[in-house]
>>> print(open('entry_24.txt').read())   # compact mmCIF, C-alpha atoms
# COMPACT_ATOMS: atom_id res chain seq x y z
CA MET R 415 -73.83 123.27 -48.90
CA ASP R 416 -70.43 122.32 -50.31
CA LEU R 417 -68.10 122.01 -47.31
CA GLN R 418 -65.10 122.63 -49.58
CA ASP R 419 -66.32 126.20 -50.03
CA VAL R 420 -65.67 126.98 -46.37
CA GLU R 421 -62.06 127.81 -45.58
CA TYR R 422 -60.49 129.06 -42.38
CA GLU R 423 -60.42 132.80 -42.01
CA PRO R 424 -59.87 134.86 -38.87
CA VAL R 425 -63.29 135.62 -37.41
CA SER R 426 -64.48 136.84 -34.05
CA VAL R 427 -65.92 133.96 -32.04
CA LYS R 428 -68.08 136.48 -30.22
CA GLU R 429 -69.59 137.75 -33.49
CA VAL R 430 -70.17 134.21 -34.74
CA LEU R 431 -71.92 133.21 -31.51
CA ALA R 432 -74.08 136.35 -31.58
CA GLU R 433 -75.16 135.70 -35.17
CA MET R 434 -75.82 132.04 -34.41
CA LYS R 435 -78.03 133.00 -31.47
CA ASP R 436 -80.07 135.46 -33.54
CA THR R 437 -80.33 133.05 -36.47
CA ALA R 438 -81.40 130.13 -34.28
CA GLU R 439 -84.18 132.18 -32.68
CA LEU R 440 -85.39 133.41 -36.07
CA LEU R 441 -85.33 129.86 -37.45
CA ILE R 442 -87.63 128.57 -34.70
CA ASP R 443 -90.17 131.29 -35.43
CA LEU R 444 -90.04 130.91 -39.20
CA SER R 445 -90.17 127.12 -39.33
CA TYR R 446 -93.34 126.85 -37.27
CA SER R 447 -94.93 129.73 -39.14
CA ALA R 448 -94.19 127.94 -42.42
CA VAL R 449 -96.09 124.87 -41.21
CA LEU R 450 -99.01 126.59 -39.51
CA ASN R 451 -99.52 128.94 -42.46
CA GLY R 452 -98.64 126.41 -45.16
CA SER R 453 -96.05 128.77 -46.68
CA ASP R 454 -93.50 127.38 -49.12
CA ASP R 455 -91.82 130.81 -49.31
CA ILE R 456 -91.14 130.93 -45.56
CA ALA R 457 -90.00 127.29 -45.59
CA ARG R 458 -87.43 128.10 -48.29
CA GLU R 459 -86.12 130.99 -46.19
CA VAL R 460 -85.63 128.52 -43.33
CA LEU R 461 -83.49 126.23 -45.50
CA GLU R 462 -81.42 129.17 -46.71
CA LEU R 463 -80.82 130.30 -43.14
CA GLU R 464 -79.97 126.74 -42.17
CA GLY R 465 -77.23 126.82 -44.81
CA ARG R 466 -75.90 130.05 -43.34
CA MET R 467 -75.88 128.44 -39.89
CA ASP R 468 -73.82 125.52 -41.22
CA ILE R 469 -71.15 127.99 -42.35
CA LEU R 470 -71.24 129.87 -39.04
CA GLN R 471 -70.77 126.73 -36.95
CA LEU R 472 -67.80 125.64 -39.07
CA GLN R 473 -66.20 129.08 -38.77
CA GLY R 474 -66.80 129.07 -35.02
CA ARG R 475 -65.32 125.60 -34.51
CA MET R 476 -62.23 126.40 -36.60
CA SER R 477 -61.62 129.64 -34.70
CA LEU R 478 -61.94 127.88 -31.35
CA LEU R 479 -59.54 125.15 -32.41
CA MET R 480 -57.01 127.78 -33.48
CA SER R 481 -57.41 129.49 -30.09
CA ALA R 482 -56.63 126.44 -27.95
CA ARG R 483 -52.89 126.41 -27.21
CA SER R 484 -52.87 124.48 -23.94
CA PRO R 485 -54.95 121.97 -21.95
CA GLU R 486 -56.23 124.88 -19.88
CA ASP R 487 -57.42 126.67 -23.03
CA ALA R 488 -59.16 123.52 -24.24
CA GLU R 489 -60.93 123.05 -20.91
CA GLN R 490 -62.17 126.64 -20.92
CA LEU R 491 -63.31 126.58 -24.56
CA ALA R 492 -65.04 123.17 -24.50
CA PRO R 493 -68.36 124.61 -23.20
CA VAL R 494 -68.31 127.15 -26.06
CA LEU R 495 -68.19 124.26 -28.52
CA GLY R 496 -71.26 122.92 -26.74
CA VAL R 497 -73.14 126.17 -27.31
CA ILE R 498 -72.18 126.13 -31.00
CA GLY R 499 -73.32 122.52 -31.32
CA ALA R 500 -76.64 123.26 -29.61
CA ALA R 501 -77.36 126.18 -31.96
CA GLU R 502 -76.61 123.90 -34.91
CA LYS R 503 -79.09 121.33 -33.56
CA ILE R 504 -81.78 124.02 -33.37
CA SER R 505 -81.02 124.97 -36.97
CA ASN R 506 -81.24 121.37 -38.17
CA ALA R 507 -84.52 120.85 -36.32
CA ALA R 508 -85.96 123.99 -37.93
CA GLY R 509 -84.87 122.68 -41.33
CA ASP R 510 -86.67 119.39 -40.64
CA ILE R 511 -89.82 121.32 -39.78
CA ALA R 512 -89.58 123.34 -43.02
CA LYS R 513 -89.23 120.15 -45.05
CA VAL R 514 -92.61 119.02 -43.75
CA VAL R 515 -94.01 121.77 -45.99
CA LEU R 516 -91.64 121.60 -48.94
CA GLU R 517 -91.50 117.81 -49.28
CA ASP R 518 -95.18 117.18 -48.53
CA ILE R 519 -94.24 114.75 -45.77
CA GLY R 520 -97.81 114.74 -44.57
CA MET R 521 -99.76 117.57 -42.96
CA PRO R 522 -103.52 118.14 -43.02
CA ASP R 523 -104.26 121.09 -45.32
CA ALA R 524 -107.03 122.04 -42.93
CA ILE R 525 -104.60 122.72 -40.10
CA ARG R 526 -104.83 126.44 -40.89
CA ALA R 527 -108.59 126.32 -40.30
CA SER R 528 -107.87 125.23 -36.75
CA LEU R 529 -105.53 128.10 -35.98
CA PRO R 530 -106.74 130.31 -33.15
CA GLU R 531 -107.92 133.71 -34.34
CA ALA R 532 -105.20 135.28 -32.22
CA VAL R 533 -102.44 133.65 -34.28
CA GLU R 534 -100.83 136.24 -36.49
CA ALA R 535 -99.91 135.85 -40.13
CA LEU R 536 -96.27 135.73 -41.17
CA VAL R 537 -95.44 136.42 -44.81
CA ARG R 538 -92.48 137.41 -46.96
CA ALA R 539 -92.70 140.54 -49.11
CA THR R 540 -90.11 141.91 -51.53
CA VAL R 541 -89.94 145.71 -51.65
CA ALA R 542 -90.63 146.95 -55.19
CA GLU R 543 -88.71 149.82 -56.82
CA GLU R 544 -91.82 152.04 -56.81
CA SER R 545 -92.87 151.21 -53.24
CA PRO R 546 -93.41 154.25 -50.98
CA TYR R 547 -91.33 152.41 -48.36
CA VAL R 548 -88.10 152.76 -50.37
CA GLY R 549 -85.58 155.05 -48.66
CA ARG R 550 -87.64 155.39 -45.48
CA THR R 551 -86.85 154.09 -42.01
CA LEU R 552 -89.22 151.93 -39.99
CA LEU R 553 -89.62 154.89 -37.64
CA ASP R 554 -90.74 157.11 -40.55
CA ILE R 555 -93.15 154.47 -41.84
CA ASN R 556 -94.63 153.93 -38.35
CA MET R 557 -95.83 150.54 -39.59
CA GLU R 558 -96.51 148.79 -36.31
CA THR R 559 -98.53 151.67 -34.84
CA GLU R 560 -100.67 152.17 -37.94
CA THR R 561 -101.20 148.54 -39.02
CA GLY R 562 -100.11 146.31 -36.14
CA VAL R 563 -97.53 144.71 -38.44
CA ARG R 564 -93.87 144.50 -37.52
CA VAL R 565 -90.83 143.64 -39.62
CA ILE R 566 -89.12 140.79 -37.78
CA ALA R 567 -86.26 140.40 -40.27
CA ILE R 568 -84.86 141.87 -43.48
CA ARG R 569 -82.84 139.97 -46.08
CA ARG R 570 -80.71 142.25 -48.21
CA GLU R 571 -78.52 141.46 -51.20
CA SER R 572 -75.38 143.52 -51.74
CA ALA R 573 -74.02 144.70 -55.09
CA THR R 574 -71.68 141.69 -55.08
CA GLY R 575 -74.61 139.30 -54.68
CA LYS R 576 -73.90 138.46 -51.05
CA ARG R 577 -77.04 138.08 -48.95
CA ARG R 578 -77.21 139.41 -45.40
CA TRP R 579 -79.92 139.00 -42.79
CA LEU R 580 -80.86 141.76 -40.38
CA THR R 581 -82.80 140.19 -37.53
CA ASN R 582 -84.94 142.30 -35.23
CA PRO R 583 -84.51 145.54 -37.25
CA GLY R 584 -84.84 148.75 -35.28
CA PRO R 585 -86.52 152.12 -35.93
CA ASP R 586 -83.46 153.44 -37.78
CA SER R 587 -83.44 150.54 -40.26
CA GLN R 588 -83.95 151.99 -43.75
CA LEU R 589 -85.74 149.93 -46.37
CA GLN R 590 -84.33 149.51 -49.86
CA ALA R 591 -85.75 148.24 -53.14
CA GLY R 592 -85.21 144.52 -53.38
CA ASP R 593 -85.28 143.94 -49.62
CA SER R 594 -87.13 140.81 -48.55
CA LEU R 595 -89.21 141.62 -45.49
CA LEU R 596 -90.57 139.05 -43.07
CA LEU R 597 -93.82 140.56 -41.82
CA ARG R 598 -95.80 139.44 -38.77
CA GLY R 599 -99.15 140.83 -37.68
CA PRO R 600 -102.93 140.64 -38.02
CA HIS R 601 -104.16 139.41 -41.38
CA ASP R 602 -105.77 142.73 -42.40
CA GLY R 603 -102.64 144.69 -41.52
CA VAL R 604 -100.38 142.22 -43.32
CA ALA R 605 -102.52 142.55 -46.45
CA THR R 606 -102.15 146.35 -46.37
CA VAL R 607 -98.38 146.33 -45.79
CA TYR R 608 -97.79 143.58 -48.36
CA GLU R 609 -99.56 145.51 -51.10
CA THR R 610 -97.75 148.74 -50.20
CA ALA R 611 -94.37 147.00 -50.26
CA THR R 612 -94.79 144.83 -53.35
CA GLY R 613 -97.39 146.69 -55.38
CA THR R 614 -99.48 143.53 -55.68
CA PRO R 615 -102.47 142.38 -53.60
CA TYR R 616 -101.90 139.86 -50.84
CA GLU R 617 -103.62 136.53 -51.42
CA PRO R 618 -103.97 134.47 -48.23
CA PRO R 619 -103.71 130.69 -48.60
CA ALA R 620 -106.97 128.83 -49.11
CA VAL R 621 -108.34 127.14 -46.02
CA ALA R 622 -109.96 123.70 -46.18
CA GLU R 623 -112.49 122.29 -43.74
CA PRO R 624 -110.93 120.14 -41.01
CA PRO R 625 -111.32 116.40 -41.75
CA ILE R 626 -110.50 115.54 -38.13
CA GLU R 627 -112.93 116.46 -35.37
CA ASP R 628 -110.45 117.68 -32.79
CA LEU R 629 -107.67 119.00 -35.03
CA GLU R 630 -107.80 122.17 -32.93
CA ARG R 631 -106.28 120.18 -30.08
CA ALA R 632 -103.31 119.23 -32.25
CA VAL R 633 -102.76 122.85 -33.28
CA ASP R 634 -102.98 123.99 -29.66
CA SER R 635 -100.39 121.37 -28.71
CA ILE R 636 -98.08 122.39 -31.56
CA THR R 637 -98.37 126.06 -30.61
CA LEU R 638 -97.71 125.31 -26.93
CA MET R 639 -94.68 123.14 -27.69
CA LYS R 640 -93.30 125.82 -29.98
CA ASP R 641 -93.77 128.53 -27.33
CA MET R 642 -92.21 126.40 -24.60
CA SER R 643 -89.22 125.40 -26.74
CA GLU R 644 -88.63 129.02 -27.78
CA LEU R 645 -88.86 130.12 -24.15
CA ALA R 646 -86.41 127.39 -23.14
CA VAL R 647 -83.87 128.71 -25.67
CA ASP R 648 -84.33 132.30 -24.43
CA LEU R 649 -83.92 131.23 -20.81
CA ALA R 650 -80.91 129.07 -21.65
CA TYR R 651 -79.05 132.04 -23.08
CA GLY R 652 -80.20 134.08 -20.08
CA ALA R 653 -78.81 131.44 -17.73
CA MET R 654 -75.45 131.66 -19.53
CA LEU R 655 -75.45 135.46 -19.50
CA PHE R 656 -76.29 135.82 -15.82
CA ASP R 657 -74.64 132.58 -14.63
CA SER R 658 -77.97 131.74 -13.01
CA GLU R 659 -78.52 128.21 -11.74
CA GLY R 660 -82.14 129.11 -10.97
CA VAL R 661 -82.85 130.02 -14.60
CA ALA R 662 -80.99 126.90 -15.77
CA GLU R 663 -83.27 124.83 -13.51
CA GLU R 664 -86.29 126.36 -15.27
CA VAL R 665 -84.84 125.33 -18.64
CA LYS R 666 -84.59 121.77 -17.35
CA GLU R 667 -88.23 121.89 -16.19
CA LEU R 668 -89.38 123.22 -19.58
CA GLU R 669 -87.47 120.49 -21.39
CA ALA R 670 -89.24 117.88 -19.29
CA GLU R 671 -92.62 119.50 -20.02
CA VAL R 672 -91.95 119.46 -23.76
CA ASP R 673 -91.05 115.78 -23.53
CA ALA R 674 -94.38 115.08 -21.82
CA LEU R 675 -96.26 117.14 -24.40
CA LYS R 676 -94.57 115.23 -27.20
CA SER R 677 -95.69 111.91 -25.73
CA ARG R 678 -99.30 113.08 -25.43
CA PHE R 679 -99.19 114.56 -28.92
CA GLU R 680 -97.91 111.32 -30.43
CA ALA R 681 -100.71 109.40 -28.68
CA TRP R 682 -103.29 111.84 -30.11
CA THR R 683 -101.81 111.39 -33.62
CA LEU R 684 -102.01 107.60 -33.40
CA ARG R 685 -105.64 107.77 -32.28
CA ALA R 686 -106.48 110.28 -35.03
CA ALA R 687 -104.93 107.98 -37.64
CA GLY R 688 -107.81 105.57 -37.15
CA ARG R 689 -110.36 108.26 -37.95
CA VAL R 690 -108.99 109.59 -41.25
CA GLU R 691 -109.11 108.12 -44.73
CA ASP R 692 -105.38 108.55 -45.36
CA PRO R 693 -103.30 108.30 -42.13
CA VAL R 694 -100.14 109.25 -44.06
CA GLN R 695 -101.31 112.86 -44.04
CA LEU R 696 -100.58 112.92 -40.29
CA ARG R 697 -96.94 111.90 -40.66
CA GLY R 698 -95.78 115.51 -40.61
CA LEU R 699 -97.30 115.99 -37.16
CA VAL R 700 -94.97 113.31 -35.79
CA HIS R 701 -92.01 115.07 -37.46
CA LEU R 702 -93.09 118.31 -35.80
CA ALA R 703 -93.20 116.75 -32.35
CA SER R 704 -89.77 115.15 -32.76
CA ALA R 705 -88.16 118.37 -34.03
CA THR R 706 -89.66 120.34 -31.16
CA GLU R 707 -88.12 117.94 -28.66
CA VAL R 708 -84.72 118.42 -30.33
CA ILE R 709 -85.02 122.20 -29.87
CA SER R 710 -85.83 121.89 -26.16
CA ASP R 711 -82.99 119.38 -25.75
CA ALA R 712 -80.62 121.87 -27.38
CA ALA R 713 -81.75 124.57 -24.97
CA LEU R 714 -80.87 122.25 -22.11
CA GLU R 715 -77.41 121.72 -23.63
CA ILE R 716 -76.83 125.49 -23.78
CA SER R 717 -77.58 125.88 -20.06
CA GLU R 718 -76.16 122.56 -18.89
CA GLY R 719 -72.78 124.02 -17.94
CA VAL R 720 -74.44 126.55 -15.64
CA TYR R 721 -76.74 123.88 -14.20
CA ARG R 722 -73.68 121.71 -13.40
CA GLY R 723 -71.77 124.60 -11.86
CA ILE R 724 -69.29 125.07 -14.71
CA ASP R 725 -68.30 128.69 -15.29
CA ALA R 726 -69.36 130.01 -18.68
CA HIS R 727 -66.65 131.39 -20.93
CA PRO R 728 -66.85 135.22 -21.03
CA VAL R 729 -67.13 135.15 -24.83
CA VAL R 730 -70.57 133.52 -24.60
CA ALA R 731 -71.97 136.21 -22.33
CA ALA R 732 -70.42 138.90 -24.54
CA ALA R 733 -72.05 137.35 -27.61
CA VAL R 734 -75.48 137.31 -25.96
CA GLU R 735 -75.05 140.96 -24.98
CA GLU R 736 -74.12 141.96 -28.55
CA SER R 737 -76.82 139.99 -30.36
CA ASP R 738 -79.63 141.82 -32.15
CA GLU R 739 -82.08 141.04 -29.35
CA VAL R 740 -80.71 141.67 -25.87
CA ILE R 741 -81.62 139.74 -22.74
CA VAL R 742 -81.64 141.81 -19.56
CA ARG R 743 -82.06 141.09 -15.87
CA LEU R 744 -83.61 143.96 -13.88
CA SER R 745 -84.74 144.46 -10.28
CA VAL R 746 -88.13 146.04 -9.57
CA ALA R 747 -87.87 148.90 -7.08
CA PRO R 748 -90.72 149.24 -4.52
CA ASP R 749 -91.51 152.79 -5.73
CA ALA R 750 -91.12 152.05 -9.46
CA PRO R 751 -93.96 152.88 -11.90
CA LEU R 752 -94.46 149.16 -12.61
CA SER R 753 -94.41 148.04 -8.98
CA GLY R 754 -97.88 146.85 -7.95
CA THR R 755 -99.18 146.73 -11.54
CA THR R 756 -99.69 143.89 -14.02
CA LEU R 757 -97.79 143.44 -17.28
CA GLY R 758 -101.03 143.85 -19.23
CA GLU R 759 -102.30 146.82 -17.25
CA GLU R 760 -99.24 148.88 -18.14
CA MET R 761 -98.97 147.32 -21.63
CA VAL R 762 -95.28 146.60 -21.04
CA LYS R 763 -94.71 144.83 -24.35
CA THR R 764 -96.52 147.51 -26.36
CA GLU R 765 -94.88 150.43 -24.58
CA THR R 766 -91.31 149.10 -24.52
CA GLY R 767 -91.15 146.34 -27.13
CA MET R 768 -89.68 144.08 -24.42
CA ARG R 769 -91.07 140.63 -23.66
CA VAL R 770 -90.82 139.60 -20.01
CA ILE R 771 -89.92 135.91 -20.14
CA ALA R 772 -89.44 135.19 -16.44
CA VAL R 773 -90.04 136.77 -13.03
CA ARG R 774 -88.35 135.78 -9.78
CA ARG R 775 -90.35 136.65 -6.73
CA GLY R 776 -88.74 138.53 -3.82
CA GLY R 777 -85.08 138.95 -2.93
CA ASP R 778 -82.63 141.63 -3.95
CA GLY R 779 -81.32 140.07 -7.12
CA ALA R 780 -78.13 138.84 -5.46
CA ASP R 781 -79.03 135.15 -5.75
CA ASP R 782 -81.60 132.80 -7.26
CA SER R 783 -83.61 132.19 -4.09
CA GLY R 784 -87.33 132.69 -4.56
CA GLU R 785 -89.99 131.33 -6.87
CA TRP R 786 -89.52 131.66 -10.62
CA VAL R 787 -92.56 132.44 -12.78
CA VAL R 788 -91.93 131.49 -16.40
CA GLN R 789 -94.19 132.54 -19.28
CA PRO R 790 -95.70 135.44 -17.30
CA GLY R 791 -98.90 136.75 -18.86
CA PRO R 792 -100.81 140.05 -18.90
CA THR R 793 -102.28 139.31 -15.45
CA THR R 794 -98.86 138.75 -13.84
CA GLU R 795 -98.28 141.41 -11.20
CA LEU R 796 -94.84 142.88 -10.58
CA ARG R 797 -93.87 143.67 -7.02
CA GLY R 798 -91.04 145.52 -5.38
CA GLY R 799 -88.09 143.17 -4.93
CA ASP R 800 -88.97 141.03 -7.97
CA VAL R 801 -86.29 140.29 -10.54
CA ILE R 802 -87.37 140.10 -14.18
CA ILE R 803 -85.66 138.68 -17.24
CA ALA R 804 -86.80 140.33 -20.48
CA LYS R 805 -85.88 140.20 -24.14
CA GLY R 806 -86.06 142.84 -26.87
CA THR R 807 -84.22 145.84 -28.31
CA ARG R 808 -81.61 147.92 -26.51
CA ALA R 809 -83.83 151.00 -26.70
CA GLY R 810 -86.69 149.00 -25.21
CA ALA R 811 -84.41 147.69 -22.48
CA GLY R 812 -83.54 151.25 -21.51
CA ARG R 813 -87.21 152.20 -21.32
CA LEU R 814 -88.08 149.12 -19.28
CA SER R 815 -85.22 149.78 -16.85
CA GLU R 816 -86.76 153.20 -16.13
CA LEU R 817 -90.21 151.71 -15.54
CA VAL R 818 -88.94 149.16 -13.02
CA GLY R 819 -86.66 151.66 -11.29
CA ASP R 820 -83.40 149.88 -12.14
CA ALA R 821 -81.51 152.58 -14.01
CA ARG R 822 -79.21 151.12 -16.64
CA GLU R 823 -77.63 152.34 -19.84
CA PHE R 824 -77.95 150.14 -22.91
CA GLU R 825 -75.85 151.07 -25.89
CA GLY R 826 -77.64 151.17 -29.21
>>> encode(input="entry_24.txt", output="structure tokens")
Amino acid sequence: MDLQDVEYEPVSVKEVLAEMKDTAELLIDLSYSAVLNGSDDIAREVLELEGRMDILQLQGRMSLLMSARSPEDAEQLAPVLGVIGAAEKISNAAGDIAKVVLEDIGMPDAIRASLPEAVEALVRATVAEESPYVGRTLLDINMETETGVRVIAIRRESATGKRRWLTNPGPDSQLQAGDSLLLRGPHDGVATVYETATGTPYEPPAVAEPPIEDLERAVDSITLMKDMSELAVDLAYGAMLFDSEGVAEEVKELEAEVDALKSRFEAWTLRAAGRVEDPVQLRGLVHLASATEVISDAALEISEGVYRGIDAHPVVAAAVEESDEVIVRLSVAPDAPLSGTTLGEEMVKTETGMRVIAVRRGGDGADDSGEWVVQPGPTTELRGGDVIIAKGTRAGAGRLSELVGDAREFEG
């Protein structure tokens, strides 16, 4: 990116922060998918988004500097600069991960053969002029129900040539010819949707036999580090939104766990290097581990102010609330439909589209006392008095609030 192309213009810090949050979260997902699926196309999208993030962080910094008119202003806005800097670090780390694919830094081609069957495919598809999807909304297409595939982002080019990303598109999002869709779902479903959108058959990447006996362990470690880093970022923004020291503490714990995972992963890589013909092919795995640690460190930076008892600037919370994916904190009522049931039993994610990322046991939601359960799974039971933090669409948040008996209104 040419820095001379970016000039000061009045922009809303809140809007910049919201877009940076959404872009950072999308970048994490895409960069790892590019590596695990060996996709040059997805890796290029990551670098393009990284360029957009560079512009956003410059616009945000300039606007904050223009806003500071006194020492008191500077003191209040300093933590916001920290949030901008942390989002930029996430973006840079995602770009480093994408370059593992594009620059052939060194990654076993057989890594895809070690992917668990449960791992979904993520591909990019450009909507053709003659596609039956043109002019229809995602609700009309009913894609996820019929194929299990969801559109996690849409890149659209305007008549002036300006590209815009729509992250986490909703049911009212209408598809247009020329849209680039990022599709995630089971391989069979992705093949069906890809052909319908583009008019050409989907060709999955070829899979080689693993040259390393326990490559599956490396993939499991990569997947776990990615999930934990992504969760740390979600919880960090949640800590800022709800001014929750308890959630910030969980971010700190996750960061420490990622550090430990990185150390074990590096030790595995060094041992594996002695068992392969060309150890250089493992160099990308070390890059992955290092980039993952940067992402978890950035999450800690986002929540550090809360952890240290520094009040978050209201603009940060407002930005989180206005981002494409909302983070909500809800109390479970004793007589609620979900009270006494498990997340899997009631298919919470399927029914609402919301992902429960943390549960605090007991209490009335007034403080952070009680045990936090992070990464709750389908067997996690919700009980009356629990507080949950969940992430998803505003419509899904409204549905989830009804199920837990904490009536809220979420604007669409």
>>> residues_near_point(input="entry_24.txt", point="(-57.1, 127.9, -35.1)", cutoff="12 Å", atoms="only C-alpha atoms", output="JSON, numbers by chain")
{"R": [421, 422, 423, 424, 425, 426, 427, 472, 473, 474, 475, 476, 477, 478, 479, 480, 481, 482, 483, 488]}
>>> closest_atom_pairs(input="entry_24.txt", of="region 792-821 of chain R", to="region 739-749 of chain R", cutoff="6 Å", atoms="all atoms listed in the file", output="tab-separated table")
residue	atom	partner	partner_atom	distance
R:Gly798	CA	R:Pro748	CA	3.8
R:Gly799	CA	R:Val746	CA	5.5
R:Asp800	CA	R:Val746	CA	5.3
R:Val801	CA	R:Ser745	CA	4.5
R:Ile802	CA	R:Leu744	CA	5.4
R:Ile803	CA	R:Arg743	CA	4.5
R:Ala804	CA	R:Val742	CA	5.4
R:Lys805	CA	R:Ile741	CA	4.5
R:Gly806	CA	R:Glu739	CA	5.0
R:Thr807	CA	R:Glu739	CA	5.4
R:Val818	CA	R:Val746	CA	4.7
R:Gly819	CA	R:Ala747	CA	5.2
R:Asp820	CA	R:Ser745	CA	5.9
>>> write_last_selection(input="entry_24.txt", atoms="C-alpha atoms", output="short mmCIF file (atom, residue, chain, number, x, y, z; two decimals), keeping the file's coordinate frame")
data_model
loop_
_atom_site.label_atom_id
_atom_site.label_comp_id
_atom_site.auth_asym_id
_atom_site.auth_seq_id
_atom_site.Cartn_x
_atom_site.Cartn_y
_atom_site.Cartn_z
CA GLY R 798 -91.04 145.52 -5.38
CA GLY R 799 -88.09 143.17 -4.93
CA ASP R 800 -88.97 141.03 -7.97
CA VAL R 801 -86.29 140.29 -10.54
CA ILE R 802 -87.37 140.10 -14.18
CA ILE R 803 -85.66 138.68 -17.24
CA ALA R 804 -86.80 140.33 -20.48
CA LYS R 805 -85.88 140.20 -24.14
CA GLY R 806 -86.06 142.84 -26.87
CA THR R 807 -84.22 145.84 -28.31
CA VAL R 818 -88.94 149.16 -13.02
CA GLY R 819 -86.66 151.66 -11.29
CA ASP R 820 -83.40 149.88 -12.14
#
>>> atom_distance(input="entry_24.txt", atom1="CA of Ala535 (chain R)", atom2="CA of Ala448 (chain R)")
10.0 Å
>>> residues_around(input="entry_24.txt", residues="Val661 (chain R)", least_positions_apart="2", cutoff="9 Å", atoms="only C-alpha atoms", output="ChimeraX atom specification")
/R:649-650,652-653,656-659,663-666,717,721,772,782,786
>>> atom_distance(input="entry_24.txt", atom1="CA of Asn506 (chain R)", atom2="CA of Ala703 (chain R)")
14.1 Å
>>> closest_residue(input="entry_24.txt", among="R:Leu757, R:Met654, R:Ala632, R:Leu702", to="Ala733 (chain R)", atoms="all atoms listed in the file")
R:Met654
>>> atom_distance(input="entry_24.txt", atom1="CA of Val515 (chain R)", atom2="CA of Thr606 (chain R)")
25.9 Å
>>> closest_residue(input="entry_24.txt", among="R:Ile709, R:Val563, R:Ala438, R:Leu431", to="Gly599 (chain R)", atoms="all atoms listed in the file")
R:Val563
>>> closest_residue(input="entry_24.txt", among="R:Gly584, R:Pro522, R:Glu671, R:Leu536", to="Leu552 (chain R)", atoms="only C-alpha atoms")
R:Gly584
